[in-house]
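Novice: Sharing a structure, written as structure tokens. Questions coming.
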Amino acid sequence: MNFINQKHKEFYENTLKQVEEFRKTDEYHHAFIYTLGINQVTRRHVNEIFDLLRGEINVDSLSKNWQTGISKKVTELAFNLWNGFPYENFEGNCVSDFYVSNLFNCSYAPYFYEAIKLRFPEYMKNSQDQEDM
């Protein structure tokens with residue numbers, strides 16, 4: 001697994017252990033926690049983004065003052081990987097911030113891809129497996 005730095009790796013491992021105290025983890029948890037660990041702001045505010053005890057995302061965290069442009073992208077991808085969350089504005093239109101072209105338009109793209117591999121392991125076959133089909 002590819003981590004952006006040691007703090008990311010430690011956050012991932014420690015947060016997974018915390019969640020495992022309350023419930024069994026799965027690919028949703030792994031991808032979500034990995035994604036939030038990419039950025040220092042989302043690591044710092046994980047408890048405002050996600051209720052570890054209940055296993056619920058906090059949509060209101062997207063509009064908090066501490067969110068930066070990049071931490072918001074991290075949070076949006078994490079939400080999307082958690083449950084396909086299509087954030088809608090008050091008119092009921094999907095917010096374009098959640099489009100792949102907007103989310104991946106940053107230096108975190110390789111780590112976002114890693115999160116997708118964690119979330120969808122059954123579809124992440126290597127190229128040799130694809131050639132054999």
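We name chains A, B, ... following the order of the structure tokens; residues begin at 1 in each chain, and ligands are numbered from 1 as shown.
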Quick one: residues within 12 Å of Cys106 in chain A, only C-alpha atoms, excluding same-chain residues fewer than 2 positions away - as JSON, numbers by chain?
Specialist: {"A": [69, 70, 71, 72, 73, 74, 100, 101, 102, 103, 104, 108, 109, 110, 111, 112, 113]}
Novice: Which residue out of A:Leu81, A:Met1, A:Ile49, A:Ile38 has the minimum interatomic distance to Leu62 in chain A when only C-alpha atoms are used?
Specialist: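 Distance minimum relative to Leu62 in chain A lands on A:Ile49.
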Novice: Out of chain A, which residues get strand (DSSP E) from DSSP, as JSON, numbers by chain?
Specialist: {"A": [50, 51, 56, 57]}
Novice: Check range 20-125 of chain A with DSSP on the backbone and list each residue it calls helix (DSSP H, G or I), as JSON, numbers by chain.
Specialist: {"A": [20, 27, 28, 29, 30, 31, 32, 33, 34, 35, 36, 37, 40, 41, 42, 43, 44, 46, 47, 48, 49, 59, 60, 61, 62, 63, 69, 70, 71, 72, 73, 74, 75, 76, 77, 78, 79, 80, 81, 82, 83, 96, 97, 98, 100, 101, 102, 103, 109, 110, 111, 112, 113, 114, 115, 116, 117, 118, 119, 121, 122, 123]}
Novice: Go ahead and write the selection's residues with C-alpha atoms as a PDB file, in the first residue's frame.
Specialist:
```
ATOM      1  CA  GLU A  20     -12.373  -2.355  15.105  1.00  0.00           C
ATOM      2  CA  GLU A  27     -13.306  -2.369   2.311  1.00  0.00           C
ATOM      3  CA  TYR A  28     -15.554   0.642   2.968  1.00  0.00           C
ATOM      4  CA  HIS A  29     -13.742   1.381   6.233  1.00  0.00           C
ATOM      5  CA  HIS A  30     -10.302   0.747   4.767  1.00  0.00           C
ATOM      6  CA  ALA A  31     -10.820   3.060   1.795  1.00  0.00           C
ATOM      7  CA  PHE A  32     -12.544   5.748   3.868  1.00  0.00           C
ATOM      8  CA  ILE A  33      -9.902   5.835   6.602  1.00  0.00           C
ATOM      9  CA  TYR A  34      -7.044   5.628   4.110  1.00  0.00           C
ATOM     10  CA  THR A  35      -8.497   8.583   2.207  1.00  0.00           C
ATOM     11  CA  LEU A  36      -9.000  10.770   5.266  1.00  0.00           C
ATOM     12  CA  GLY A  37      -5.418  10.046   6.318  1.00  0.00           C
ATOM     13  CA  GLN A  40      -3.260  16.608   7.710  1.00  0.00           C
ATOM     14  CA  VAL A  41      -6.461  18.680   8.039  1.00  0.00           C
ATOM     15  CA  THR A  42      -8.745  15.675   7.579  1.00  0.00           C
ATOM     16  CA  ARG A  43      -6.575  13.630   9.951  1.00  0.00           C
ATOM     17  CA  ARG A  44      -6.912  16.349  12.566  1.00  0.00           C
ATOM     18  CA  VAL A  46     -11.548  12.920  11.601  1.00  0.00           C
ATOM     19  CA  ASN A  47     -13.965  12.906  14.538  1.00  0.00           C
ATOM     20  CA  GLU A  48     -15.897  15.799  13.009  1.00  0.00           C
ATOM     21  CA  ILE A  49     -16.041  14.043   9.630  1.00  0.00           C
ATOM     22  CA  VAL A  59     -22.104  15.715   5.761  1.00  0.00           C
ATOM     23  CA  ASP A  60     -22.050  19.055   7.578  1.00  0.00           C
ATOM     24  CA  SER A  61     -18.280  18.739   7.916  1.00  0.00           C
ATOM     25  CA  LEU A  62     -17.981  19.761   4.252  1.00  0.00           C
ATOM     26  CA  SER A  63     -18.989  23.320   5.135  1.00  0.00           C
ATOM     27  CA  GLY A  69      -9.756  23.330  -0.949  1.00  0.00           C
ATOM     28  CA  ILE A  70      -7.691  20.164  -0.827  1.00  0.00           C
ATOM     29  CA  SER A  71      -9.091  18.823   2.455  1.00  0.00           C
ATOM     30  CA  LYS A  72     -12.573  19.246   1.008  1.00  0.00           C
ATOM     31  CA  LYS A  73     -11.559  17.126  -2.006  1.00  0.00           C
ATOM     32  CA  VAL A  74     -10.246  14.465   0.372  1.00  0.00           C
ATOM     33  CA  THR A  75     -13.482  14.528   2.378  1.00  0.00           C
ATOM     34  CA  GLU A  76     -15.630  14.420  -0.757  1.00  0.00           C
ATOM     35  CA  LEU A  77     -13.794  11.401  -2.122  1.00  0.00           C
ATOM     36  CA  ALA A  78     -13.976   9.657   1.258  1.00  0.00           C
ATOM     37  CA  PHE A  79     -17.749  10.226   1.374  1.00  0.00           C
ATOM     38  CA  ASN A  80     -18.103   9.028  -2.193  1.00  0.00           C
ATOM     39  CA  LEU A  81     -16.154   5.840  -1.427  1.00  0.00           C
ATOM     40  CA  TRP A  82     -18.150   5.294   1.757  1.00  0.00           C
ATOM     41  CA  ASN A  83     -21.566   5.210   0.161  1.00  0.00           C
ATOM     42  CA  SER A  96     -19.713  19.366  -9.654  1.00  0.00           C
ATOM     43  CA  ASP A  97     -17.019  19.254  -6.944  1.00  0.00           C
ATOM     44  CA  PHE A  98     -17.752  15.537  -6.715  1.00  0.00           C
ATOM     45  CA  VAL A 100     -13.848  12.780 -10.982  1.00  0.00           C
ATOM     46  CA  SER A 101     -12.333  15.570 -13.085  1.00  0.00           C
ATOM     47  CA  ASN A 102     -12.479  17.907 -10.084  1.00  0.00           C
ATOM     48  CA  LEU A 103     -11.513  15.446  -7.353  1.00  0.00           C
ATOM     49  CA  ALA A 109      -4.367  11.664  -7.383  1.00  0.00           C
ATOM     50  CA  PRO A 110      -2.037   8.638  -6.894  1.00  0.00           C
ATOM     51  CA  TYR A 111      -3.282   8.244  -3.323  1.00  0.00           C
ATOM     52  CA  PHE A 112      -6.894   8.675  -4.408  1.00  0.00           C
ATOM     53  CA  TYR A 113      -6.323   5.839  -6.853  1.00  0.00           C
ATOM     54  CA  GLU A 114      -4.930   3.738  -4.000  1.00  0.00           C
ATOM     55  CA  ALA A 115      -8.131   4.424  -2.042  1.00  0.00           C
ATOM     56  CA  ILE A 116     -10.219   3.219  -4.986  1.00  0.00           C
ATOM     57  CA  LYS A 117      -8.185   0.012  -5.097  1.00  0.00           C
ATOM     58  CA  LEU A 118      -8.926  -0.523  -1.398  1.00  0.00           C
ATOM     59  CA  ARG A 119     -12.632   0.101  -1.889  1.00  0.00           C
ATOM     60  CA  PRO A 121     -10.477  -4.930  -4.589  1.00  0.00           C
ATOM     61  CA  GLU A 122     -12.573  -7.358  -6.606  1.00  0.00           C
ATOM     62  CA  TYR A 123     -12.169  -5.175  -9.702  1.00  0.00           C
TER      63      TYR A 123
END
```
Novice: Report as a list in words all protein, DNA and RNA residues lying within 10 Å of Val19 in chain A, evaluated on only C-alpha atoms, omitting residues in the same chain fewer than 6 positions from it.
Specialist: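 So, after excluding close chain neighbours, the residues are Thr25, His29, Ile33, Asp51, Leu52, Leu53, Arg54 and Gly55 of chain A.
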Novice: So the first atom is CA of Leu16 in chain A and the second is CA of Asn105 in chain A; what is the distance between them in Å, to one decimal place?
Specialist: 27.5 Å
Novice: To one decimal place, how far is CA of Glu56 in chain A from CA of Lys24 in chain A in Å?
Specialist: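 Calculated distance between CA of Glu56 in chain A and CA of Lys24 in chain A is 14.3 Å.
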Novice: May I ask which of the residues A:Lys64, A:Ile57, A:Asn39, A:Gly84 is the closest one to Ile4 in chain A, counting only C-alpha atoms?
Specialist: A:Asn39
